[in-house]
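Next up, upload.cif (mmCIF, C-alpha atoms (C1' of nucleotides)):
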data_structure
loop_
_atom_site.label_atom_id
_atom_site.label_comp_id
_atom_site.auth_asym_id
_atom_site.auth_seq_id
_atom_site.Cartn_x
_atom_site.Cartn_y
_atom_site.Cartn_z
CA MET A 276 3.86 139.17 8.74
CA LYS A 277 6.26 141.17 6.65
CA PRO A 278 3.95 143.05 4.32
CA TYR A 279 5.78 142.94 0.95
CA LYS A 280 7.25 146.38 0.46
CA LEU A 281 5.74 147.96 -2.65
CA SER A 282 7.71 150.29 -4.86
CA PRO A 283 6.23 153.79 -5.19
CA GLU A 284 4.88 153.07 -8.67
CA GLU A 285 3.38 149.80 -7.55
CA ALA A 286 1.75 151.48 -4.58
CA SER A 287 0.28 154.12 -6.83
CA ALA A 288 -1.05 151.50 -9.22
CA GLN A 289 -2.52 149.52 -6.34
CA GLN A 290 -4.28 152.57 -4.92
CA LEU A 291 -5.68 153.39 -8.32
CA TRP A 292 -6.96 149.86 -8.78
CA GLU A 293 -8.51 149.81 -5.35
CA ALA A 294 -10.25 153.12 -6.01
CA LEU A 295 -11.47 151.94 -9.39
CA LEU A 296 -12.81 148.70 -8.00
CA ARG A 297 -14.57 150.35 -5.08
CA ALA A 298 -16.13 153.00 -7.29
CA SER A 299 -17.54 150.50 -9.75
CA LEU A 300 -18.79 148.23 -6.96
CA SER A 301 -20.48 151.16 -5.26
CA VAL A 302 -22.27 152.34 -8.36
CA ARG A 303 -23.31 148.79 -9.18
CA GLY A 304 -24.85 148.41 -5.77
CA GLU A 305 -26.55 151.77 -6.02
CA VAL A 306 -28.45 150.96 -9.21
CA ARG A 307 -29.21 147.36 -8.30
CA GLU A 308 -32.21 148.17 -6.17
CA LEU A 309 -33.71 150.20 -8.98
CA PHE A 310 -33.62 147.23 -11.31
CA ALA A 311 -35.15 144.99 -8.68
CA GLN A 312 -38.34 147.07 -8.85
CA TRP A 313 -38.73 145.93 -12.46
CA ASN A 314 -37.70 142.34 -11.74
CA LEU A 315 -34.51 142.99 -13.67
CA THR A 316 -30.82 142.67 -12.88
CA GLY A 317 -27.98 144.95 -13.90
CA ALA A 318 -26.72 142.52 -16.50
CA GLN A 319 -30.17 142.12 -17.99
CA TRP A 320 -30.61 145.88 -18.19
CA ARG A 321 -27.29 146.15 -19.94
CA VAL A 322 -28.52 143.75 -22.59
CA LEU A 323 -31.68 145.81 -23.02
CA MET A 324 -29.60 148.98 -23.46
CA VAL A 325 -27.36 147.34 -26.03
CA LEU A 326 -30.33 146.00 -27.98
CA ALA A 327 -32.21 149.29 -27.76
CA ALA A 328 -29.29 150.99 -29.50
CA ALA A 329 -28.98 148.23 -32.10
CA PRO A 330 -30.32 148.20 -35.67
CA ASP A 331 -33.80 146.80 -36.18
CA GLU A 332 -32.67 143.38 -37.31
CA GLY A 333 -31.03 142.89 -33.94
CA LEU A 334 -27.58 141.77 -32.87
CA ARG A 335 -25.71 138.51 -32.88
CA GLN A 336 -25.12 137.12 -29.43
CA SER A 337 -21.40 137.42 -30.07
CA GLU A 338 -21.81 141.14 -30.74
CA ILE A 339 -23.69 141.57 -27.48
CA GLY A 340 -20.89 139.79 -25.68
CA GLU A 341 -18.26 142.04 -27.24
CA GLN A 342 -20.09 145.18 -26.27
CA MET A 343 -20.61 143.95 -22.71
CA LEU A 344 -17.13 142.46 -22.36
CA VAL A 345 -18.50 139.07 -21.33
CA THR A 346 -18.09 135.59 -22.76
CA GLY A 347 -20.43 133.85 -25.17
CA GLY A 348 -21.61 131.30 -22.66
CA ASN A 349 -22.71 134.11 -20.42
CA VAL A 350 -24.71 135.73 -23.21
CA THR A 351 -26.51 132.45 -23.83
CA GLY A 352 -27.77 132.36 -20.26
CA LEU A 353 -28.63 136.04 -20.21
CA ILE A 354 -30.69 135.80 -23.40
CA ASP A 355 -32.29 132.60 -22.13
CA ARG A 356 -33.70 134.41 -19.14
CA LEU A 357 -34.70 137.53 -21.04
CA GLU A 358 -36.43 135.40 -23.63
CA GLU A 359 -38.28 133.51 -20.95
CA ALA A 360 -39.37 136.84 -19.49
CA GLY A 361 -40.64 137.87 -22.91
CA LEU A 362 -38.36 140.88 -23.25
CA VAL A 363 -36.06 139.57 -25.96
CA CYS A 364 -36.53 137.19 -28.83
CA ARG A 365 -34.14 134.98 -30.75
CA GLN A 366 -34.43 134.84 -34.52
CA ALA A 367 -32.49 132.77 -37.01
CA HIS A 368 -30.13 134.63 -39.28
CA PRO A 369 -31.47 134.41 -42.84
CA ASP A 370 -28.13 133.54 -44.45
CA ASP A 371 -26.13 131.79 -41.74
CA ARG A 372 -27.86 129.17 -39.68
CA ARG A 373 -25.18 129.28 -37.01
CA VAL A 374 -26.08 132.83 -36.09
CA VAL A 375 -28.79 133.88 -33.66
CA LEU A 376 -30.10 137.42 -33.89
CA ALA A 377 -31.50 138.85 -30.67
CA THR A 378 -34.05 141.66 -30.72
CA LEU A 379 -36.24 143.39 -28.19
CA THR A 380 -39.85 142.28 -28.17
CA PRO A 381 -42.48 145.05 -28.03
CA ARG A 382 -42.67 144.23 -24.35
CA GLY A 383 -38.90 144.62 -24.07
CA GLN A 384 -39.03 147.96 -25.82
CA LYS A 385 -41.78 149.07 -23.47
CA VAL A 386 -39.79 148.08 -20.39
CA TYR A 387 -36.75 149.88 -21.76
CA GLN A 388 -38.70 153.06 -22.45
CA GLU A 389 -40.23 153.01 -19.00
CA LEU A 390 -37.11 152.20 -17.04
CA ALA A 391 -34.69 154.41 -18.99
CA PRO A 392 -35.70 157.74 -17.40
CA ALA A 393 -35.44 156.29 -13.91
CA PHE A 394 -32.11 154.65 -14.69
CA PHE A 395 -30.44 157.62 -16.30
CA GLY A 396 -31.88 159.91 -13.65
CA ARG A 397 -30.44 157.78 -10.89
CA LEU A 398 -27.12 157.64 -12.69
CA HIS A 399 -27.18 161.40 -12.99
CA ARG A 400 -27.65 161.71 -9.22
CA VAL A 401 -24.90 159.19 -8.54
CA PHE A 402 -22.43 161.17 -10.59
CA SER A 403 -23.68 164.58 -9.51
CA GLY A 404 -20.72 164.91 -7.15
CA VAL A 405 -18.27 164.82 -10.04
CA PRO A 406 -17.84 168.41 -11.22
CA ASP A 407 -18.46 169.09 -14.88
CA SER A 408 -14.86 170.06 -15.45
CA SER A 409 -13.61 166.69 -14.18
CA ARG A 410 -15.89 164.51 -16.26
CA GLU A 411 -14.13 164.67 -19.59
CA PRO A 412 -10.65 164.08 -18.14
CA LEU A 413 -11.99 161.23 -16.02
CA ARG A 414 -13.73 159.62 -18.94
CA ILE A 415 -10.66 160.00 -21.13
CA ALA A 416 -8.37 158.55 -18.51
CA LEU A 417 -10.60 155.55 -17.98
CA GLY A 418 -10.93 155.02 -21.72
CA GLU A 419 -7.17 155.13 -22.19
CA LEU A 420 -6.72 152.71 -19.35
CA THR A 421 -9.14 150.27 -20.95
CA GLN A 422 -7.43 150.66 -24.30
CA ASN A 423 -4.07 150.14 -22.69
CA VAL A 424 -5.13 146.88 -21.12
CA GLN A 425 -6.52 145.59 -24.38
CA ASP A 426 -3.39 146.58 -26.27
CA ASN A 427 -1.13 144.95 -23.70
CA ARG A 428 -3.25 141.83 -23.91
CA ALA A 429 -2.99 141.69 -27.68
CA ALA A 430 0.75 142.32 -27.59
CA GLY A 431 1.48 139.94 -24.71
CA ALA A 432 -0.36 137.12 -26.45
CA CYS A 433 2.31 136.95 -29.18
CA SER A 434 5.66 138.08 -27.82
CA GLY A 435 6.77 136.53 -24.57
CA SER A 436 6.80 139.70 -22.49
CA ASP A 437 6.17 137.79 -19.28
CA PRO A 438 9.54 136.43 -18.13
CA GLY A 439 8.55 134.99 -14.77
CA GLY A 440 7.70 131.32 -14.79
CA PRO A 441 4.28 130.32 -13.54
CA GLY A 442 3.90 129.71 -9.88
CA PRO A 443 3.15 126.46 -8.13
CA THR A 444 -0.07 125.09 -9.46
CA GLU A 445 -0.55 122.24 -7.05
CA ARG A 446 -2.03 122.50 -3.59
CA GLU A 447 -1.77 119.26 -1.66
CA ASP A 448 -0.27 118.71 1.81
CA VAL A 449 -2.53 121.21 3.48
CA GLY A 450 -1.08 122.31 6.78
CA PRO A 451 -3.11 123.04 9.89
CA CYS A 452 -3.78 126.45 11.31
CA GLY A 453 -0.66 128.48 11.99
CA LYS A 454 -0.54 129.49 15.59
CA MET B 57 -37.15 152.17 -31.76
CA LYS B 58 -37.10 155.69 -30.41
CA PRO B 59 -33.98 155.73 -28.30
CA TYR B 60 -34.98 157.72 -25.19
CA LYS B 61 -33.41 161.13 -25.59
CA LEU B 62 -30.95 161.73 -22.76
CA SER B 63 -30.36 165.16 -21.29
CA PRO B 64 -26.75 166.38 -21.58
CA GLU B 65 -26.04 165.68 -17.91
CA GLU B 66 -27.56 162.22 -18.14
CA ALA B 67 -25.49 161.46 -21.22
CA SER B 68 -22.35 162.59 -19.46
CA ALA B 69 -23.17 160.43 -16.44
CA GLN B 70 -23.90 157.46 -18.67
CA GLN B 71 -20.61 157.84 -20.53
CA LEU B 72 -18.75 158.06 -17.26
CA TRP B 73 -20.45 154.94 -15.93
CA GLU B 74 -19.76 153.04 -19.11
CA ALA B 75 -16.10 154.04 -19.02
CA LEU B 76 -15.82 153.11 -15.35
CA LEU B 77 -17.44 149.73 -15.89
CA ARG B 78 -15.32 148.87 -18.91
CA ALA B 79 -12.12 149.91 -17.19
CA SER B 80 -12.78 147.79 -14.14
CA LEU B 81 -13.87 144.83 -16.25
CA SER B 82 -10.74 145.11 -18.37
CA VAL B 83 -8.37 145.21 -15.44
CA ARG B 84 -10.21 142.33 -13.76
CA GLY B 85 -9.78 140.23 -16.87
CA GLU B 86 -6.15 141.18 -17.17
CA VAL B 87 -5.17 139.96 -13.73
CA ARG B 88 -7.40 136.88 -13.77
CA GLU B 89 -4.96 134.76 -15.74
CA LEU B 90 -2.19 135.58 -13.29
CA PHE B 91 -4.20 134.21 -10.38
CA ALA B 92 -5.08 131.10 -12.34
CA GLN B 93 -1.39 130.15 -12.30
CA TRP B 94 -1.62 129.88 -8.51
CA ASN B 95 -5.01 128.17 -8.53
CA LEU B 96 -6.51 131.34 -7.11
CA THR B 97 -9.28 133.68 -8.16
CA GLY B 98 -9.44 137.46 -7.94
CA ALA B 99 -11.81 137.37 -5.00
CA GLN B 100 -9.64 134.90 -3.13
CA TRP B 101 -6.57 137.04 -3.71
CA ARG B 102 -8.43 140.02 -2.38
CA VAL B 103 -9.09 138.13 0.84
CA LEU B 104 -5.41 137.25 1.11
CA MET B 105 -4.46 140.90 0.66
CA VAL B 106 -6.90 142.04 3.31
CA LEU B 107 -5.68 139.41 5.76
CA ALA B 108 -2.03 140.12 5.01
CA ALA B 109 -2.59 143.71 6.06
CA ALA B 110 -4.56 142.73 9.15
CA PRO B 111 -3.31 142.47 12.75
CA ASP B 112 -1.94 139.13 13.89
CA GLU B 113 -5.11 137.99 15.62
CA GLY B 114 -6.92 138.16 12.29
CA LEU B 115 -10.15 139.73 11.16
CA ARG B 116 -13.79 139.00 11.70
CA GLN B 117 -15.56 137.81 8.59
CA SER B 118 -17.79 140.85 8.81
CA GLU B 119 -14.72 143.10 8.69
CA ILE B 120 -13.48 141.30 5.61
CA GLY B 121 -16.84 141.82 3.98
CA GLU B 122 -16.82 145.52 4.78
CA GLN B 123 -13.38 146.02 3.31
CA MET B 124 -14.28 144.09 0.19
CA LEU B 125 -17.76 145.61 -0.16
CA VAL B 126 -19.44 142.21 -0.30
CA THR B 127 -22.10 140.55 1.82
CA GLY B 128 -21.54 138.21 4.72
CA GLY B 129 -22.87 135.17 2.93
CA ASN B 130 -20.29 135.72 0.25
CA VAL B 131 -17.48 135.87 2.80
CA THR B 132 -18.60 132.57 4.29
CA GLY B 133 -18.16 130.82 0.95
CA LEU B 134 -14.88 132.56 0.19
CA ILE B 135 -13.38 131.58 3.53
CA ASP B 136 -14.78 128.06 3.14
CA ARG B 137 -12.79 127.55 -0.03
CA LEU B 138 -9.64 129.25 1.25
CA GLU B 139 -9.79 127.16 4.39
CA GLU B 140 -10.20 124.00 2.36
CA ALA B 141 -7.17 125.03 0.33
CA GLY B 142 -5.23 125.50 3.54
CA LEU B 143 -4.50 129.18 3.03
CA VAL B 144 -6.75 130.61 5.71
CA CYS B 145 -7.87 129.33 9.06
CA ARG B 146 -10.91 130.07 11.19
CA GLN B 147 -10.45 130.59 14.91
CA ALA B 148 -13.02 131.20 17.58
CA HIS B 149 -13.01 134.61 19.17
CA PRO B 150 -11.91 134.24 22.80
CA ASP B 151 -14.63 136.50 24.24
CA ASP B 152 -17.52 136.24 21.80
CA ARG B 153 -18.46 132.84 20.53
CA ARG B 154 -20.46 134.29 17.65
CA VAL B 155 -17.37 135.73 16.07
CA VAL B 156 -15.03 133.91 13.71
CA LEU B 157 -11.53 135.28 13.31
CA ALA B 158 -9.87 134.49 10.01
CA THR B 159 -6.10 134.47 9.70
CA LEU B 160 -3.61 133.44 7.06
CA THR B 161 -1.99 130.06 7.64
CA PRO B 162 1.79 129.89 7.14
CA ARG B 163 0.96 128.44 3.76
CA GLY B 164 -1.34 131.39 3.04
CA GLN B 165 1.39 133.83 4.04
CA LYS B 166 3.82 132.03 1.77
CA VAL B 167 1.44 132.19 -1.19
CA TYR B 168 0.85 135.88 -0.52
CA GLN B 169 4.57 136.65 -0.37
CA GLU B 170 5.22 134.76 -3.56
CA LEU B 171 2.33 136.11 -5.58
CA ALA B 172 2.51 139.71 -4.38
CA PRO B 173 5.48 140.78 -6.55
CA ALA B 174 3.89 139.28 -9.65
CA PHE B 175 0.53 140.83 -8.86
CA PHE B 176 1.74 144.33 -8.09
CA GLY B 177 4.11 144.20 -11.02
CA ARG B 178 1.32 143.28 -13.38
CA LEU B 179 -0.84 146.00 -11.90
CA HIS B 180 2.00 148.44 -12.42
CA ARG B 181 2.17 147.49 -16.10
CA VAL B 182 -1.59 147.74 -16.47
CA PHE B 183 -1.60 151.27 -15.14
CA SER B 184 1.63 152.32 -16.81
CA GLY B 185 -0.34 154.21 -19.45
CA VAL B 186 -1.75 156.56 -16.85
CA PRO B 187 0.72 159.44 -16.53
CA ASP B 188 1.99 160.19 -13.05
CA SER B 189 0.33 163.59 -13.04
CA SER B 190 -3.09 162.05 -13.67
CA ARG B 191 -2.97 159.43 -10.95
CA GLU B 192 -3.69 161.52 -7.92
CA PRO B 193 -6.61 163.40 -9.53
CA LEU B 194 -8.01 160.14 -10.85
CA ARG B 195 -7.75 158.44 -7.50
CA ILE B 196 -9.31 161.42 -5.75
CA ALA B 197 -12.17 161.59 -8.22
CA LEU B 198 -12.92 157.90 -7.86
CA GLY B 199 -12.76 158.13 -4.09
CA GLU B 200 -15.13 161.08 -4.01
CA LEU B 201 -17.50 159.24 -6.30
CA THR B 202 -17.52 156.21 -3.99
CA GLN B 203 -18.05 158.44 -0.98
CA ASN B 204 -20.84 160.24 -2.75
CA VAL B 205 -22.67 157.02 -3.50
CA GLN B 206 -22.38 155.85 0.09
CA ASP B 207 -23.59 159.20 1.42
CA ASN B 208 -26.53 159.25 -0.95
CA ARG B 209 -27.39 155.73 0.13
CA ALA B 210 -27.30 156.63 3.80
CA ALA B 211 -29.38 159.77 3.22
CA GLY B 212 -31.88 158.15 0.88
CA ALA B 213 -32.54 155.34 3.34
CA CYS B 214 -34.22 157.75 5.77
CA SER B 215 -35.75 160.67 3.90
CA GLY B 216 -37.92 159.81 0.93
CA SER B 217 -35.79 161.43 -1.73
CA ASP B 218 -37.05 159.11 -4.45
CA PRO B 219 -40.40 160.45 -5.62
CA GLY B 220 -41.13 158.10 -8.52
CA GLY B 221 -43.26 155.13 -7.60
CA PRO B 222 -41.87 151.68 -8.26
CA GLY B 223 -42.40 150.20 -11.66
CA PRO B 224 -44.46 147.20 -12.56
CA THR B 225 -43.15 144.22 -10.69
CA GLU B 226 -45.15 141.48 -12.36
CA ARG B 227 -44.28 139.82 -15.60
CA GLU B 228 -47.02 137.49 -16.81
CA ASP B 229 -48.76 137.50 -20.21
CA VAL B 230 -45.56 137.14 -22.16
CA GLY B 231 -46.05 138.19 -25.76
CA PRO B 232 -44.45 136.50 -28.73
CA CYS B 233 -41.65 137.90 -30.79
CA GLY B 234 -42.39 141.32 -32.19
CA LYS B 235 -42.04 141.19 -35.93
"C1'" DC C 94 -17.66 117.02 -53.84
"C1'" DC C 95 -14.95 116.13 -49.69
"C1'" DT C 96 -12.42 117.11 -45.80
"C1'" DG C 97 -10.24 119.94 -42.31
"C1'" DA C 98 -10.28 124.44 -40.17
"C1'" DA C 99 -12.78 128.12 -38.47
"C1'" DT C 100 -16.98 130.18 -36.49
"C1'" DA C 101 -21.48 130.68 -33.61
"C1'" DG C 102 -23.72 129.17 -30.13
"C1'" DT C 103 -24.67 125.77 -26.19
"C1'" DT C 104 -23.44 123.01 -22.29
"C1'" DT C 105 -20.94 121.93 -18.07
"C1'" DA C 106 -18.42 122.59 -13.86
"C1'" DG C 107 -17.10 125.68 -10.54
"C1'" DG C 108 -16.37 130.15 -8.33
"C1'" DT C 109 -18.68 134.76 -7.27
"C1'" DA C 110 -22.46 137.57 -5.69
"C1'" DT C 111 -27.00 138.94 -3.64
"C1'" DA C 112 -31.17 138.74 -0.68
"C1'" DA C 113 -33.63 136.49 2.57
"C1'" DA C 114 -34.38 133.05 5.98
"C1'" DG C 115 -32.33 130.49 9.71
"C1'" DT C 116 -29.24 129.47 13.97
"C1'" DA C 117 -26.69 130.57 17.87
"C1'" DA C 118 -24.71 133.75 21.08
"C1'" DT C 119 -24.81 138.19 23.29
"C1'" DC C 120 -26.87 142.23 25.14
"C1'" DA C 121 -30.32 145.48 27.27
"C1'" DC C 122 -33.32 146.10 30.57
"C1'" DG C 123 -37.14 145.26 33.51
"C1'" DC D 64 -32.82 136.10 36.20
"C1'" DG D 65 -35.38 136.08 31.89
"C1'" DT D 66 -36.98 137.73 27.68
"C1'" DG D 67 -36.85 140.33 23.45
"C1'" DA D 68 -33.80 142.62 20.31
"C1'" DT D 69 -29.48 142.58 18.17
"C1'" DT D 70 -25.38 140.65 16.21
"C1'" DA D 71 -22.38 137.18 13.66
"C1'" DC D 72 -22.38 133.84 10.87
"C1'" DT D 73 -24.52 130.08 7.84
"C1'" DT D 74 -27.77 128.33 4.58
"C1'" DT D 75 -30.68 128.50 0.50
"C1'" DA D 76 -32.21 129.95 -3.87
"C1'" DT D 77 -31.09 132.33 -7.84
"C1'" DA D 78 -28.36 134.89 -11.06
"C1'" DC D 79 -23.78 136.14 -13.00
"C1'" DC D 80 -19.49 134.88 -15.01
"C1'" DT D 81 -15.52 132.19 -16.84
"C1'" DA D 82 -13.00 128.46 -19.13
"C1'" DA D 83 -13.27 124.48 -21.57
"C1'" DA D 84 -15.58 120.92 -24.02
"C1'" DC D 85 -19.16 120.12 -27.32
"C1'" DT D 86 -22.50 120.62 -31.58
"C1'" DA D 87 -23.78 122.44 -35.77
"C1'" DT D 88 -22.80 125.15 -39.64
"C1'" DT D 89 -19.94 127.45 -42.94
"C1'" DC D 90 -15.83 128.08 -45.50
"C1'" DA D 91 -11.33 127.06 -48.06
"C1'" DG D 92 -8.67 124.15 -50.72
"C1'" DG D 93 -7.70 120.20 -53.16
#

Step by step, read the file and then write its structure as structure tokens.
Amino acid sequence: MKPYKLSPEEASAQQLWEALLRASLSVRGEVRELFAQWNLTGAQWRVLMVLAAAPDEGLRQSEIGEQMLVTGGNVTGLIDRLEEAGLVCRQAHPDDRRVVLATLTPRGQKVYQELAPAFFGRLHRVFSGVPDSSREPLRIALGELTQNVQDNRAAGACSGSDPGGPGPTEREDVGPCGK
Amino acid sequence: MKPYKLSPEEASAQQLWEALLRASLSVRGEVRELFAQWNLTGAQWRVLMVLAAAPDEGLRQSEIGEQMLVTGGNVTGLIDRLEEAGLVCRQAHPDDRRVVLATLTPRGQKVYQELAPAFFGRLHRVFSGVPDSSREPLRIALGELTQNVQDNRAAGACSGSDPGGPGPTEREDVGPCGK
DNA sequence: CCTGAATAGTTTAGGTATAAAGTAATCACG
DNA sequence: CGTGATTACTTTATACCTAAACTATTCAGG
């Protein structure tokens, strides 16, 4: 198995990506159990946070999706479950009947208020190993990375900056185990 | 809606977590379309990478799960689909009949060899905005963060370092929309 | 007004992920 | 040897997430 020799820059990018992925997976796992105590999931908590920071009239589902970087179909399901749990409520937009405005119910606000200290406290402990002096640079670097990806995406959508043709898309004639 | 006043350290942790999450989500999205051209997903590609770097006899499913930071049940499904696609093959362990060894089929090796340059190249472009001088510190910081989480988890499992009692776990008496 | 394009949300199909329960094989030890 | 605990994997139930197709509404011109 010749292991595809990476160039130095590619290797560095790969290591960075691996580290980024593992870090985010680890933190995700670390806070998951906390949410479980409130019968919540990470995604549901994220919706609560977004709505808690939103104006009183609430947010469109599309706005929630943008802030969470998830698709509209996903938001539909998320709000479905939160509505069923009585934490969020859908209201019709007064001027545009296509739009759904989501707001926290009193119950949702209560859950947010109660869980917030535990959540942010846990997060504080998780990140306690990162020295104060490293936090700003780290945050900046991650923000620039995110921005970079989004810019590349916007640019690549118009100009054909991807010369390589697409790979084989079919997958018939499945061979047996290689031995 | 009083917005739960965060302490400065909590706010800094929250910003870091938000930046980390958004960065990893962005990169994930960026490479997704590349995999789609090969009828692959990000998770499936990750399995191929792990197996490509593995010894010839292959890896146990549990080892794959450890490297990917996912549960065993997840690995079962992943390997199921890759096996069905003819990219991976399950073999019995010669000495321990509980163990399944997963290896790349010739077809799987071929797909890996073909997709690797495109993948690492795209990754290189994604991370091109991160200056060389920042990469090592960034990687180190992310690695320490991951380590920190895992240590905390191991420690917290034994000693009761989590004083706060669990929150309300029930969710009946759902109230109507708060207006 | 009418019609076609755009927009907001929902639905559907399929892959990803967990926790928890279940099955089969191995191991430890009396 | 046999039995209970452990280990490796699978199964089940549920939630997350995407892309793509669909519905309903609004908007822009003619």

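When all atoms listed in the file are used to measure the gap to DA118 (chain C), the shortest distance among D:DA91, D:DA84, D:DC79, D:DA71 belongs to D:DA71.
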
Item checked: Distance-based interface of chain A with chain C, 12 Å, counting all atoms listed in the file, as a ChimeraX atom specification -> /A:300,303-304,307-308,311,316-317,335-338,340,346-352,354-355,365,367-368,371-376

Next item on the list: Tell me which residues the PyMOL selection byres ((chain A and resi 323) around 12) grabs here, as a PyMOL selection string.
Entry: (chain A and resi 310+315-322+324-329+333-334+339+343+353-354+357-358+361-364+377-391) or (chain B and resi 59)

Margin query: Evaluate the PyMOL selection byres ((chain D) within 9 of (chain A)) against this structure - the residues, as a PyMOL selection string, please.
Written below: chain D and resi 78-81+87-89

Next item on the list: Run the PyMOL selection byres ((chain A and resi 407) around 12) mentally over the shown coordinates, then write out the matched residues as a list of chain:residue names, using the chain letters and numbers from the document.
Entry: A:His399, A:Phe402, A:Ser403, A:Gly404, A:Val405, A:Pro406, A:Ser408, A:Ser409, A:Arg410, A:Glu411, A:Pro412, A:Leu413, A:Arg414, B:Pro64, B:Glu65, B:Glu66, B:Ser68, B:Ala69, B:Leu72, B:Ala197

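Comparing the minimum interatomic distances between Glu305 (chain A) and each of B:Glu140, B:Trp73, B:Val205, B:Ala210, counting only C-alpha atoms, we find that B:Val205 sits nearest.
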
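CA of Gln203 (chain B) to CA of Phe394 (chain A) spans 20.0 Å [interatomic distance, one decimal].
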
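Taking CA of Ala79 (chain B) and CA of Leu198 (chain B) as the two end points, the separation is 12.3 Å.
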
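For the pair CA of Asp370 (chain A) and C1' of DG93 (chain D), the separation is 25.9 Å.
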
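Residue nearest chain B within the list A:Arg400, A:Gln342, A:Thr421, A:Pro369: A:Thr421 [criterion: smallest interatomic distance, all atoms listed in the file].
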
Could you rebuild region 127-143 of chain B with N, CA and C atoms and give it back as a compact mmCIF listing (two decimals), in the frame of the given file?
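File written: rebuild19.txt
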# COMPACT_ATOMS: atom_id res chain seq x y z
N THR B 127 -21.21 140.94 0.73
CA THR B 127 -22.10 140.55 1.82
C THR B 127 -21.49 139.43 2.65
N GLY B 128 -22.07 139.21 3.82
CA GLY B 128 -21.54 138.21 4.72
C GLY B 128 -21.63 136.80 4.17
N GLY B 129 -22.72 136.50 3.52
CA GLY B 129 -22.87 135.17 2.93
C GLY B 129 -21.77 134.85 1.95
N ASN B 130 -21.38 135.88 1.21
CA ASN B 130 -20.29 135.72 0.25
C ASN B 130 -18.99 135.40 0.97
N VAL B 131 -18.72 136.10 2.04
CA VAL B 131 -17.48 135.87 2.80
C VAL B 131 -17.44 134.44 3.32
N THR B 132 -18.55 133.95 3.80
CA THR B 132 -18.60 132.57 4.29
C THR B 132 -18.07 131.61 3.23
N GLY B 133 -18.59 131.73 2.02
CA GLY B 133 -18.16 130.82 0.95
C GLY B 133 -16.71 131.01 0.58
N LEU B 134 -16.27 132.25 0.53
CA LEU B 134 -14.88 132.56 0.19
C LEU B 134 -13.94 131.92 1.21
N ILE B 135 -14.23 132.13 2.48
CA ILE B 135 -13.38 131.58 3.53
C ILE B 135 -13.46 130.05 3.53
N ASP B 136 -14.64 129.52 3.26
CA ASP B 136 -14.78 128.06 3.14
C ASP B 136 -13.74 127.51 2.17
N ARG B 137 -13.69 128.08 1.00
CA ARG B 137 -12.79 127.55 -0.03
C ARG B 137 -11.33 127.78 0.31
N LEU B 138 -11.03 128.96 0.88
CA LEU B 138 -9.64 129.25 1.25
C LEU B 138 -9.19 128.36 2.40
N GLU B 139 -10.12 128.04 3.27
CA GLU B 139 -9.79 127.16 4.39
C GLU B 139 -9.52 125.76 3.86
N GLU B 140 -10.36 125.33 2.95
CA GLU B 140 -10.20 124.00 2.36
C GLU B 140 -8.87 123.90 1.62
N ALA B 141 -8.45 125.02 1.04
CA ALA B 141 -7.17 125.03 0.33
C ALA B 141 -5.99 125.18 1.29
N GLY B 142 -6.28 125.41 2.56
CA GLY B 142 -5.23 125.50 3.54
C GLY B 142 -4.52 126.84 3.59
N LEU B 143 -5.15 127.87 3.05
CA LEU B 143 -4.50 129.18 3.03
C LEU B 143 -4.98 130.08 4.15
